[in-house]
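Structure data follow from target12.tsv (TSV, C-alpha atoms and all ligand atoms):
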```tsv
chain	number	residue	atom	x	y	z
S	1	MET	CA	-10.86	-11.21	14.61
S	2	LEU	CA	-7.13	-10.93	15.16
S	3	SER	CA	-5.56	-13.93	16.87
S	4	ALA	CA	-1.99	-12.69	16.44
S	5	ASN	CA	0.23	-15.66	17.03
S	6	LYS	CA	2.10	-15.55	13.77
S	7	ILE	CA	3.07	-12.07	12.66
S	8	ILE	CA	5.19	-11.33	9.60
S	9	ILE	CA	6.81	-7.99	8.79
S	10	CYS	CA	7.65	-7.97	5.15
S	11	GLY	CA	9.82	-5.64	3.05
S	12	GLY	CA	11.06	-5.64	-0.52
S	13	THR	CA	7.89	-7.02	-2.08
S	14	HIS	CA	8.96	-4.43	-4.64
S	15	GLY	CA	12.74	-4.63	-4.91
S	16	ASN	CA	13.38	-0.91	-5.48
S	17	GLU	CA	11.29	0.30	-2.53
S	18	LEU	CA	14.27	0.61	-0.28
S	19	THR	CA	12.77	1.53	3.10
S	20	GLY	CA	11.30	-1.97	3.41
S	21	VAL	CA	14.32	-3.66	1.81
S	22	TYR	CA	16.76	-2.12	4.29
S	23	LEU	CA	14.47	-2.47	7.31
S	24	ALA	CA	14.05	-6.16	6.47
S	25	LYS	CA	17.83	-6.53	6.25
S	26	LYS	CA	18.40	-4.55	9.46
S	27	HIS	CA	15.91	-6.48	11.57
S	28	GLY	CA	15.87	-9.90	9.89
S	29	TRP	CA	12.31	-9.36	8.68
S	30	PHE	CA	10.95	-11.19	5.68
S	31	LEU	CA	12.49	-10.00	2.39
S	32	ALA	CA	9.83	-10.93	-0.14
S	33	ASN	CA	11.66	-10.49	-3.45
S	34	PRO	CA	15.43	-10.80	-2.85
S	35	ALA	CA	16.18	-11.24	-6.58
S	36	ALA	CA	14.51	-7.92	-7.43
S	37	ALA	CA	16.08	-6.23	-4.36
S	38	GLU	CA	19.50	-7.41	-5.50
S	39	LYS	CA	18.98	-5.67	-8.84
S	40	CYS	CA	17.11	-2.72	-7.27
S	41	ARG	CA	14.14	-3.28	-9.55
S	42	ARG	CA	10.44	-3.38	-8.78
S	43	TYR	CA	10.34	-6.94	-10.14
S	44	ILE	CA	12.19	-9.28	-12.47
S	45	ASP	CA	9.40	-10.86	-14.61
S	46	CYS	CA	6.15	-9.50	-13.19
S	47	ASP	CA	4.82	-7.62	-10.16
S	48	LEU	CA	5.11	-10.00	-7.17
S	49	ASN	CA	2.34	-8.08	-5.43
S	50	ARG	CA	-0.10	-9.18	-8.13
S	51	CYS	CA	0.68	-12.94	-7.85
S	52	PHE	CA	-1.21	-14.04	-4.73
S	53	ALA	CA	-4.73	-14.70	-6.03
S	54	MET	CA	-5.66	-18.25	-5.04
S	55	SER	CA	-6.29	-19.18	-8.68
S	56	ASN	CA	-2.78	-17.97	-9.57
S	57	LEU	CA	-1.17	-19.82	-6.65
S	58	ASN	CA	-2.93	-23.00	-7.72
S	59	SER	CA	-2.21	-22.78	-11.43
S	60	LYS	CA	0.87	-23.57	-13.48
S	61	THR	CA	2.47	-20.20	-14.07
S	62	GLU	CA	5.94	-19.19	-15.15
S	63	GLY	CA	8.36	-16.41	-14.32
S	64	LEU	CA	10.42	-15.65	-11.24
S	65	GLU	CA	7.68	-13.85	-9.27
S	66	ASN	CA	4.98	-16.42	-9.95
S	67	ILE	CA	7.31	-19.13	-8.70
S	68	ARG	CA	8.40	-16.98	-5.76
S	69	ALA	CA	4.75	-16.38	-4.80
S	70	LYS	CA	4.18	-20.12	-4.49
S	71	VAL	CA	7.37	-20.49	-2.42
S	72	ILE	CA	6.29	-17.62	-0.12
S	73	ASN	CA	2.82	-19.08	0.26
S	74	ALA	CA	4.29	-22.45	1.27
S	75	MET	CA	6.88	-20.83	3.60
S	76	LEU	CA	4.35	-18.66	5.40
S	77	GLY	CA	1.76	-21.39	5.81
S	78	GLN	CA	-0.70	-21.39	2.87
S	79	LYS	CA	-3.26	-18.71	2.13
S	80	GLY	CA	-6.79	-19.54	3.18
S	81	THR	CA	-5.79	-22.23	5.72
S	82	GLU	CA	-5.50	-22.36	9.50
S	83	ASP	CA	-1.69	-22.34	9.15
S	84	ALA	CA	-1.69	-18.99	7.33
S	85	PRO	CA	-0.03	-16.12	9.23
S	86	ASP	CA	-2.36	-14.17	11.51
S	87	PHE	CA	-1.05	-10.82	10.37
S	88	ILE	CA	1.27	-9.43	7.69
S	89	LEU	CA	2.61	-5.88	7.78
S	90	ASP	CA	3.92	-5.23	4.26
S	91	LEU	CA	6.23	-2.21	3.83
S	92	HIS	CA	6.15	-0.22	0.59
S	93	ASN	CA	7.27	3.15	-0.73
S	94	THR	CA	5.48	5.48	-3.06
S	95	THR	CA	6.75	8.46	-5.04
S	96	ALA	CA	3.45	10.16	-4.18
S	97	ASN	CA	3.13	12.50	-1.22
S	98	MET	CA	1.19	10.04	0.92
S	99	GLY	CA	3.03	10.28	4.24
S	100	ILE	CA	2.41	7.05	6.12
S	101	THR	CA	-0.65	5.48	4.50
S	102	LEU	CA	-2.03	2.41	6.25
S	103	ILE	CA	-3.94	0.33	3.71
S	104	LEU	CA	-6.51	-2.08	5.10
S	105	SER	CA	-7.64	-4.79	2.69
S	106	HIS	CA	-10.65	-5.63	4.81
S	107	MET	CA	-12.51	-4.05	7.65
S	108	ASP	CA	-11.44	-5.58	10.95
S	109	SER	CA	-12.34	-3.68	14.11
S	110	ASP	CA	-9.16	-4.75	15.96
S	111	ILE	CA	-6.91	-3.69	13.10
S	112	LEU	CA	-8.84	-0.43	12.70
S	113	ASN	CA	-8.40	0.22	16.41
S	114	ILE	CA	-4.63	-0.39	16.16
S	115	CYS	CA	-4.38	1.83	13.05
S	116	THR	CA	-6.33	4.54	14.90
S	117	HIS	CA	-3.70	4.50	17.65
S	118	ILE	CA	-0.95	4.83	15.02
S	119	ALA	CA	-2.82	7.69	13.31
S	120	LYS	CA	-3.14	9.54	16.62
S	121	GLU	CA	0.45	8.99	17.74
S	122	PHE	CA	2.30	9.83	14.50
S	123	THR	CA	2.08	12.78	12.15
S	124	ASP	CA	0.90	12.55	8.55
S	125	VAL	CA	-0.77	9.13	8.87
S	126	HIS	CA	-3.76	8.22	6.69
S	127	ILE	CA	-6.05	5.21	7.01
S	128	TYR	CA	-7.00	3.89	3.59
S	129	LEU	CA	-9.61	1.22	2.96
S	130	GLN	CA	-9.15	-0.81	-0.15
S	131	GLU	CA	-11.52	-3.68	0.47
S	132	GLU	CA	-10.63	-6.85	-1.37
S	133	GLU	CA	-12.29	-10.19	-1.99
S	134	ARG	CA	-9.56	-11.91	-0.04
S	135	THR	CA	-9.29	-15.26	-1.86
S	136	GLU	CA	-8.73	-13.74	-5.28
S	137	SER	CA	-6.89	-10.62	-4.12
S	138	PRO	CA	-3.40	-10.60	-5.68
S	139	TYR	CA	-1.64	-8.85	-2.78
S	140	ILE	CA	0.94	-10.60	-0.57
S	141	GLY	CA	-0.81	-9.41	2.59
S	142	THR	CA	-3.83	-11.56	1.75
S	143	VAL	CA	-1.77	-14.70	2.40
S	144	ALA	CA	-2.39	-13.81	6.06
S	145	LYS	CA	-5.73	-13.83	7.83
S	146	THR	CA	-5.45	-10.08	8.12
S	147	ASP	CA	-2.92	-7.49	7.01
S	148	VAL	CA	-1.91	-3.87	6.72
S	149	CYS	CA	0.15	-2.48	3.87
S	150	ILE	CA	2.17	0.64	4.62
S	151	GLU	CA	2.83	3.04	1.75
S	152	ALA	CA	5.49	5.56	2.78
S	153	GLY	CA	6.31	8.57	0.68
S	154	PRO	CA	7.26	10.62	-1.11
S	155	GLN	CA	10.43	8.70	-1.87
S	156	ALA	CA	11.93	8.05	-5.30
S	157	HIS	CA	12.22	4.33	-5.99
S	158	GLY	CA	15.78	3.09	-5.71
S	159	THR	CA	16.62	5.69	-3.05
S	160	LEU	CA	16.49	6.01	0.73
S	161	ASP	CA	15.22	8.91	2.82
S	162	ALA	CA	16.64	8.72	6.35
S	163	GLU	CA	13.72	10.51	8.02
S	164	LEU	CA	11.18	8.25	6.35
S	165	PHE	CA	13.28	5.17	7.13
S	166	PHE	CA	13.26	5.85	10.87
S	167	LYS	CA	9.60	6.87	10.87
S	168	VAL	CA	8.51	3.63	9.18
S	169	GLU	CA	10.75	1.72	11.61
S	170	ARG	CA	9.05	3.39	14.59
S	171	VAL	CA	5.59	2.74	13.11
S	172	ALA	CA	6.40	-0.94	12.48
S	173	PHE	CA	7.65	-1.46	16.05
S	174	ARG	CA	4.61	0.39	17.40
S	175	PHE	CA	2.40	-2.01	15.41
S	176	LEU	CA	4.14	-4.93	17.13
S	177	GLU	CA	3.63	-3.33	20.57
S	178	LEU	CA	-0.03	-2.57	19.90
S	179	ILE	CA	-0.70	-6.10	18.63
S	180	GLU	CA	1.01	-7.47	21.74
S	181	ALA	CA	-1.12	-5.15	23.90
S	182	TRP	CA	-4.22	-6.29	22.05
S	183	LYS	CA	-3.28	-9.95	22.68
S	184	ASN	CA	-2.88	-9.24	26.39
S	185	GLY	CA	-6.17	-7.38	26.53
S	186	SER	CA	-4.36	-4.15	27.46
S	187	LEU	CA	-4.91	-2.18	24.25
S	188	PRO	CA	-6.55	1.08	25.27
S	189	LYS	CA	-9.80	1.71	23.42
S	190	THR	CA	-9.81	4.74	21.21
S	191	SER	CA	-12.92	6.82	21.02
S	192	GLY	CA	-14.35	9.42	18.76
S	193	LYS	CA	-14.26	9.74	15.03
S	194	ILE	CA	-11.38	8.76	12.80
S	195	GLU	CA	-10.82	10.02	9.29
S	196	THR	CA	-10.64	7.24	6.70
S	197	PHE	CA	-10.35	7.19	2.93
S	198	SER	CA	-11.95	4.50	0.76
S	199	GLU	CA	-10.76	3.83	-2.74
S	200	ILE	CA	-13.30	4.48	-5.49
S	201	ARG	CA	-11.38	3.89	-8.74
S	202	ASN	CA	-8.23	4.65	-10.71
S	203	VAL	CA	-7.79	7.39	-13.31
S	204	ASP	CA	-5.52	7.04	-16.36
S	205	TYR	CA	-3.60	9.84	-18.04
S	206	PRO	CA	-5.28	11.52	-21.01
S	207	ARG	CA	-4.06	9.70	-24.13
S	208	ASP	CA	-3.86	10.45	-27.83
S	209	SER	CA	-5.34	8.21	-30.51
S	210	GLY	CA	-2.11	6.17	-30.52
S	211	GLY	CA	-2.45	5.43	-26.80
S	212	ASN	CA	0.42	7.72	-25.82
S	213	ILE	CA	0.23	9.91	-22.71
S	214	ALA	CA	-0.99	13.33	-23.82
S	215	ALA	CA	-0.83	15.28	-20.56
S	216	MET	CA	1.02	15.39	-17.25
S	217	VAL	CA	-0.26	15.73	-13.70
S	218	HIS	CA	-1.00	19.42	-13.23
S	219	PRO	CA	1.52	21.22	-10.98
S	220	ALA	CA	-1.40	22.44	-8.84
S	221	LEU	CA	-2.34	18.79	-8.11
S	222	GLN	CA	1.18	17.39	-7.72
S	223	GLY	CA	1.84	16.47	-4.07
S	224	LYS	CA	-1.80	17.10	-3.09
S	225	ASP	CA	-2.61	13.51	-2.14
S	226	PHE	CA	-5.56	13.29	0.31
S	227	CYS	CA	-6.60	16.88	-0.51
S	228	GLU	CA	-10.09	17.60	-1.82
S	229	LEU	CA	-10.53	17.68	-5.59
S	230	SER	CA	-13.73	19.18	-6.91
S	231	ALA	CA	-15.17	20.14	-10.29
S	232	GLY	CA	-13.30	22.94	-12.05
S	233	MET	CA	-9.92	22.32	-10.39
S	234	PRO	CA	-6.95	21.57	-12.69
S	235	VAL	CA	-5.84	17.91	-12.88
S	236	PHE	CA	-3.67	17.59	-15.98
S	237	LEU	CA	-1.51	19.88	-18.12
S	238	GLY	CA	-1.06	18.97	-21.78
S	239	PHE	CA	2.28	19.11	-23.56
S	240	ASP	CA	0.76	22.05	-25.40
S	241	GLY	CA	0.26	23.83	-22.06
S	242	LYS	CA	-3.52	23.40	-22.09
S	243	GLU	CA	-5.10	22.78	-18.68
S	244	ILE	CA	-7.55	19.93	-18.19
S	245	LEU	CA	-10.05	20.62	-15.42
S	246	TRP	CA	-11.76	18.07	-13.22
S	247	GLU	CA	-15.33	17.31	-14.21
S	248	GLY	CA	-16.06	14.43	-11.87
S	249	GLU	CA	-17.35	14.10	-8.34
S	250	THR	CA	-15.71	15.68	-5.31
S	251	CYS	CA	-13.06	13.21	-4.15
S	252	TYR	CA	-9.61	12.80	-2.63
S	253	PRO	CA	-6.86	11.70	-5.04
S	254	THR	CA	-4.06	9.37	-3.87
S	255	PHE	CA	-1.00	7.84	-5.54
S	256	ILE	CA	-0.79	11.02	-7.62
S	257	ASN	CA	1.88	10.60	-10.32
S	258	GLU	CA	3.20	7.36	-8.76
S	259	ALA	CA	6.22	6.36	-10.88
S	260	ALA	CA	5.47	2.62	-10.74
S	261	TYR	CA	1.90	3.11	-11.99
S	262	TYR	CA	2.76	4.56	-15.41
S	263	GLU	CA	2.98	0.96	-16.65
S	264	LYS	CA	-0.38	0.21	-15.05
S	265	LYS	CA	-1.97	3.22	-16.77
S	266	ILE	CA	-2.84	4.88	-13.49
S	267	ALA	CA	-2.26	8.61	-13.03
S	268	MET	CA	-3.94	8.60	-9.62
S	269	SER	CA	-6.50	6.76	-7.53
S	270	LEU	CA	-9.62	8.47	-6.23
S	271	ALA	CA	-10.95	7.99	-2.74
S	272	LYS	CA	-13.88	9.22	-0.73
S	273	ARG	CA	-13.48	10.51	2.79
S	274	ASP	CA	-15.46	9.21	5.75
S	275	TYR	CA	-15.38	9.63	9.49
S	276	LEU	CA	-15.80	6.32	11.27
S	277	THR	CA	-16.78	6.12	14.91
S	278	VAL	CA	-14.33	3.93	16.79
L	301	ZN	ZN	5.33	-1.30	-3.52
```

Could you write out this file's structure as structure tokens?
Ligand SMILES: [Zn+2]
Amino acid sequence: MLSANKIIICGGTHGNELTGVYLAKKHGWFLANPAAAEKCRRYIDCDLNRCFAMSNLNSKTEGLENIRAKVINAMLGQKGTEDAPDFILDLHNTTANMGITLILSHMDSDILNICTHIAKEFTDVHIYLQEEERTESPYIGTVAKTDVCIEAGPQAHGTLDAELFFKVERVAFRFLELIEAWKNGSLPKTSGKIETFSEIRNVDYPRDSGGNIAAMVHPALQGKDFCELSAGMPVFLGFDGKEILWEGETCYPTFINEAAYYEKKIAMSLAKRDYLTV
């Protein structure tokens, strides 16, 4: 249940995702990784958005981001306690063609209702469920009692796209209005069915025996985030020009060819589509 007294809008958790960095600077929102933003890098020592598991926050760890995570946790009010923020909206960019993707780390009917309003009011919005065991989830949003992560794309890291900048700004302010309306009991109920996507698993690139990437995302799949992928459709194209066809279940790929995920050995994530009654 959303209590919504302490709300944090956060940008620059990844220092080269510039929509959030510059919105945080413009509006005085929380800039999560100023050192990485200064250098326009995703991170300095390790990915800050993988540092917020309770066991990590409570253990002796080194490196700029691990230390920063502990500072953020103390500043915001301590994950897992009453003093934790009620809600964090964390702003990210992706190089994938994901429009405005609202990622929910747990199913909360109030948050789903608010996201449904956003999805109806703006174009190219997707609701994405990536349910996490909150205590050990490494994401910054899980410091709060509830959170939404916005992935906005496609945008190359280290660059700005004016249209996307103003769209994310409008979405963030609309979130604040809708949370305020919810607090006052004046949030209109949505009705009907809403399309949602739930993450199933990640898929790596095909690799050779030395562990090197052996194929690229197929041009027919590039930019087709949230489109149906079924058996027989091309997914990768080898350096030798040979097509690799999908043999798995019917699904909806996301984060296709995300630049930051090459190091994580993720070529795309797979999701299933549902229609939830709200
Ligand atoms: Zn990010």

Using only C-alpha atoms, which protein or nucleic acid residues come within 10 Å of Ala32 in chain S? Drop anything in the same chain fewer than 6 positions from it, and give the result as number ranges by chain. S: 9-15, 20-21, 24, 48-49, 65, 68-69, 72, 90, 140

Per-residue nearest contacts chain S to ligand ZN 301 (chain L), cut-off 12 Å, using only C-alpha atoms and all ligand atoms, as CSV:
```
residue,atom,partner,partner_atom,distance
S:Cys10,CA,L:ZN301,ZN,11.2
S:Gly11,CA,L:ZN301,ZN,9.1
S:Gly12,CA,L:ZN301,ZN,7.8
S:Thr13,CA,L:ZN301,ZN,6.4
S:His14,CA,L:ZN301,ZN,4.9
S:Gly15,CA,L:ZN301,ZN,8.2
S:Asn16,CA,L:ZN301,ZN,8.3
S:Glu17,CA,L:ZN301,ZN,6.2
S:Leu18,CA,L:ZN301,ZN,9.7
S:Thr19,CA,L:ZN301,ZN,10.4
S:Gly20,CA,L:ZN301,ZN,9.2
S:Val21,CA,L:ZN301,ZN,10.7
S:Ala32,CA,L:ZN301,ZN,11.2
S:Asn33,CA,L:ZN301,ZN,11.2
S:Ala36,CA,L:ZN301,ZN,12.0
S:Ala37,CA,L:ZN301,ZN,11.9
S:Arg41,CA,L:ZN301,ZN,10.9
S:Arg42,CA,L:ZN301,ZN,7.6
S:Tyr43,CA,L:ZN301,ZN,10.0
S:Asp47,CA,L:ZN301,ZN,9.2
S:Leu48,CA,L:ZN301,ZN,9.4
S:Asn49,CA,L:ZN301,ZN,7.7
S:Arg50,CA,L:ZN301,ZN,10.6
S:Asp90,CA,L:ZN301,ZN,8.8
S:Leu91,CA,L:ZN301,ZN,7.5
S:His92,CA,L:ZN301,ZN,4.3
S:Asn93,CA,L:ZN301,ZN,5.6
S:Thr94,CA,L:ZN301,ZN,6.8
S:Thr95,CA,L:ZN301,ZN,10.0
S:Ala96,CA,L:ZN301,ZN,11.6
S:Ile103,CA,L:ZN301,ZN,11.9
S:Tyr139,CA,L:ZN301,ZN,10.3
S:Ile140,CA,L:ZN301,ZN,10.7
S:Gly141,CA,L:ZN301,ZN,11.9
S:Cys149,CA,L:ZN301,ZN,9.1
S:Ile150,CA,L:ZN301,ZN,8.9
S:Glu151,CA,L:ZN301,ZN,7.3
S:Ala152,CA,L:ZN301,ZN,9.3
S:Gly153,CA,L:ZN301,ZN,10.8
S:Gln155,CA,L:ZN301,ZN,11.3
S:Ala156,CA,L:ZN301,ZN,11.6
S:His157,CA,L:ZN301,ZN,9.2
S:Gly158,CA,L:ZN301,ZN,11.5
S:Phe255,CA,L:ZN301,ZN,11.3
S:Glu258,CA,L:ZN301,ZN,10.3
S:Ala259,CA,L:ZN301,ZN,10.7
S:Ala260,CA,L:ZN301,ZN,8.2
S:Tyr261,CA,L:ZN301,ZN,10.1
```

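The gap separating CA of Asp86 in chain S from CA of Lys145 in chain S is 5.0 Å, in Å to one decimal.
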
So which one's closest to Phe122 in chain S, S:Arg134, S:Lys39, S:His106, S:Arg174? Using all atoms listed in the file, please.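 Looking only at the distances to Phe122 in chain S, the closest residue turns out to be S:Arg174.
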
Would you mind telling me which residue in S:Pro219, S:Gly99, S:Gly192, S:Pro253 lies nearest to Gly241 in chain S when using only C-alpha atoms?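 Under the stated criterion, the closest residue is S:Pro219.
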
Arg170 in chain S surroundings by all atoms listed in the file, 12 Å radius, close-in-sequence under 5 positions cut, as a list in words: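 Non-adjacent residues within range: Leu23, Ile100, Ile118, Glu121, Phe122, Thr123, Glu163, Leu164, Phe165, Phe175, Leu176 and Glu177 of chain S.
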